[in-house]
Structures are given as C-alpha cells and as structure tokens.
file data-v3.pdb (PDB, C-alpha atoms and all ligand atoms)
MODEL        1
ATOM      1  CA  MET T   1       0.000   0.000   0.000
ATOM      2  CA  LYS T   2       1.249   3.419  -0.942
ATOM      3  CA  GLU T   3       2.434   5.531   1.952
ATOM      4  CA  LYS T   4       0.575   8.773   2.389
ATOM      5  CA  LYS T   5       2.782  11.797   2.123
ATOM      6  CA  TYR T   6       0.340  14.400   3.305
ATOM      7  CA  GLN T   7      -2.231  14.530   6.029
ATOM      8  CA  PHE T   8      -5.780  15.639   5.387
ATOM      9  CA  LYS T   9      -8.291  16.710   7.958
ATOM     10  CA  ARG T  10     -12.004  16.392   7.405
ATOM     11  CA  ALA T  11     -13.601  19.553   8.754
ATOM     12  CA  ALA T  12     -17.109  18.445   9.655
ATOM     13  CA  HIS T  13     -18.519  21.931  10.202
ATOM     14  CA  ILE T  14     -17.788  23.050   6.643
ATOM     15  CA  GLN T  15     -18.027  19.597   4.981
ATOM     16  CA  LYS T  16     -14.622  20.050   3.399
ATOM     17  CA  SER T  17     -11.284  18.364   3.597
ATOM     18  CA  LEU T  18      -8.347  20.473   4.587
ATOM     19  CA  LEU T  19      -4.723  19.791   3.866
ATOM     20  CA  VAL T  20      -2.417  19.873   6.861
ATOM     21  CA  CYS T  21       0.864  21.603   6.068
ATOM     22  CA  PRO T  22       3.646  19.135   6.970
ATOM     23  CA  ASN T  23       5.896  22.002   7.981
ATOM     24  CA  CYS T  24       3.816  24.422  10.090
ATOM     25  CA  TYR T  25       0.679  22.241  10.616
ATOM     26  CA  GLU T  26      -1.697  24.936   9.497
ATOM     27  CA  TYR T  27      -4.872  23.743   7.809
ATOM     28  CA  LEU T  28      -5.035  24.770   4.174
ATOM     29  CA  SER T  29      -8.021  24.844   1.870
ATOM     30  CA  GLN T  30      -8.014  24.200  -1.878
ATOM     31  CA  PHE T  31      -8.236  27.950  -2.367
ATOM     32  CA  ASP T  32      -4.911  28.468  -0.574
ATOM     33  CA  ILE T  33      -2.933  26.239  -2.909
ATOM     34  CA  GLU T  34      -4.870  26.041  -6.167
ATOM     35  CA  HIS T  35      -2.700  28.626  -7.958
ATOM     36  CA  PHE T  36       0.622  28.192  -6.199
ATOM     37  CA  GLN T  37       1.209  24.917  -4.430
ATOM     38  CA  VAL T  38       2.916  26.697  -1.593
ATOM     39  CA  CYS T  39       1.811  27.036   2.017
ATOM     40  CA  PRO T  40       0.766  30.697   2.515
ATOM     41  CA  TYR T  41       1.911  30.552   6.154
ATOM     42  CA  CYS T  42       5.429  29.159   5.906
ATOM     43  CA  GLU T  43       6.005  29.020   2.127
ATOM     44  CA  TYR T  44       6.482  25.261   2.209
ATOM     45  CA  LYS T  45       6.516  24.014  -1.369
ATOM     46  CA  PHE T  46       4.210  21.062  -1.940
ATOM     47  CA  GLU T  47       5.330  18.486  -4.411
ATOM     48  CA  ASN T  48       3.001  18.090  -7.322
ATOM     49  CA  ASP T  49       1.603  14.626  -6.763
ATOM     50  CA  ASP T  50      -1.670  12.731  -7.072
ATOM     51  CA  GLU T  51      -2.795  13.449  -3.532
ATOM     52  CA  ILE T  52      -2.421  17.191  -3.943
ATOM     53  CA  GLU T  53      -4.038  17.079  -7.347
ATOM     54  CA  ASP T  54      -7.021  15.120  -6.019
ATOM     55  CA  PHE T  55      -7.317  17.530  -3.138
ATOM     56  CA  ILE T  56      -7.350  20.593  -5.399
ATOM     57  CA  LEU T  57      -9.826  19.026  -7.811
ATOM     58  CA  GLN T  58     -12.169  17.759  -5.114
ATOM     59  CA  PRO T  59     -14.536  20.811  -5.034
ATOM     60  CA  PHE T  60     -14.821  20.744  -8.804
ATOM     61  CA  VAL T  61     -15.623  17.051  -8.785
ATOM     62  CA  GLU T  62     -18.226  17.542  -6.040
ATOM     63  CA  ASN T  63     -19.790  20.398  -7.983
ATOM     64  CA  TRP T  64     -19.900  18.299 -11.076
ATOM     65  CA  ILE T  65     -21.515  15.389  -9.248
ATOM     66  CA  SER T  66     -24.103  17.654  -7.603
ATOM     67  CA  GLN T  67     -25.323  18.793 -11.020
ATOM     68  CA  PHE T  68     -26.702  15.314 -11.510
ATOM     69  CA  ASP T  69     -28.471  15.166  -8.186
ATOM     70  CA  GLU T  70     -32.165  15.783  -8.670
ATOM     71  CA  PRO T  71     -33.704  18.009  -6.035
ATOM     72  CA  PRO T  72     -36.085  15.956  -3.863
ATOM     73  CA  GLN T  73     -39.575  15.907  -5.306
ATOM     74  CA  ASN T  74     -42.713  15.851  -3.159
ATOM     75  CA  SER T  75     -40.696  16.187  -0.001
ATOM     76  CA  PRO T  76     -43.014  15.916   3.009
ATOM     77  CA  GLU T  77     -41.530  19.102   4.483
ATOM     78  CA  LEU T  78     -42.715  21.087   1.478
ATOM     79  CA  LEU T  79     -46.359  20.027   1.724
ATOM     80  CA  PRO T  80     -48.724  22.659   3.136
ATOM     81  CA  PRO T  81     -50.015  21.896   6.652
ATOM     82  CA  ARG T  82     -53.469  20.333   6.805
TER      83      ARG T  82
HETATM   84 ZN    ZN G 101       3.037  25.737   6.249
ENDMDL
END
call {"tool": "encode", "arguments": {"input": "data-v3.pdb", "output": "structure tokens"}}
result
Amino acid sequence: MKEKKYQFKRAAHIQKSLLVCPNCYEYLSQFDIEHFQVCPYCEYKFENDDEIEDFILQPFVENWISQFDEPPQNSPELLPPR
C-alpha cells in the first residue's frame, strides 16, 4: 500500500477536507494552494503529486456530481399543513 505523504483533515462543520501543512501544521483549503502549491503561512513548497491534485480538484468534482443530483420531489416538508 502506498504511503501517504500528506495529512488531510475532514472539517465536519464546513463539509470540506483540509490539507495539513507538513511544515507548520496549518490547515489549508483548496483555495490556498490552487494557484501556487505553496503554504501561505510558511512558504512550504508542496510536491506536485496525485494526492495534492485530487485535493485541489475535489470541489470541482463535487460540484460536477451535484449537477446530476435531482432536487427531492414531493418532499413531506414542502407540503402545506393540513
Ligand atoms: Zn506551512
């Protein structure tokens, strides 16, 4: 099994994964590293690898998937009260 180079933290309150900087241990979002794969806190340079790529692409993939999710029809909550 391939050894994981980077740690990721699932932030439950925002439903997003965050990348943990291996140098300063700050939590980074996709937004922080999507243009320059460098930690904005300590300027650690992330290697361009599959894990980082997956991490950066994750919001786009989730967006893409959500386009195919039908909104719930005839949801009981939306029915007028009797
Ligand atoms: Zn850092």
call {"tool": "atom_distance", "arguments": {"input": "data-v3.pdb", "atom1": "atom CA of T:Gln30", "atom2": "atom CA of T:Glu3"}}
result
21.7 Å
call {"tool": "atom_distance", "arguments": {"input": "data-v3.pdb", "atom1": "atom CA of T:Leu19", "atom2": "atom CA of T:Gln7"}}
result
6.2 Å
call {"tool": "residues_near_ligand", "arguments": {"input": "data-v3.pdb", "ligand": "ligand ZN 101 (chain G)", "cutoff": "8 Å", "atoms": "only C-alpha atoms and all ligand atoms", "output": "ChimeraX atom specification"}}
result
/T:21-26,38-44
call {"tool": "resolve_selection", "arguments": {"input": "data-v3.pdb", "expression": "the PyMOL selection byres (((chain T and resi 54-64) around 9) and not hetatm)", "output": "ChimeraX atom specification"}}
result
/T:8,16-19,29-31,33-34,49-53,65-68
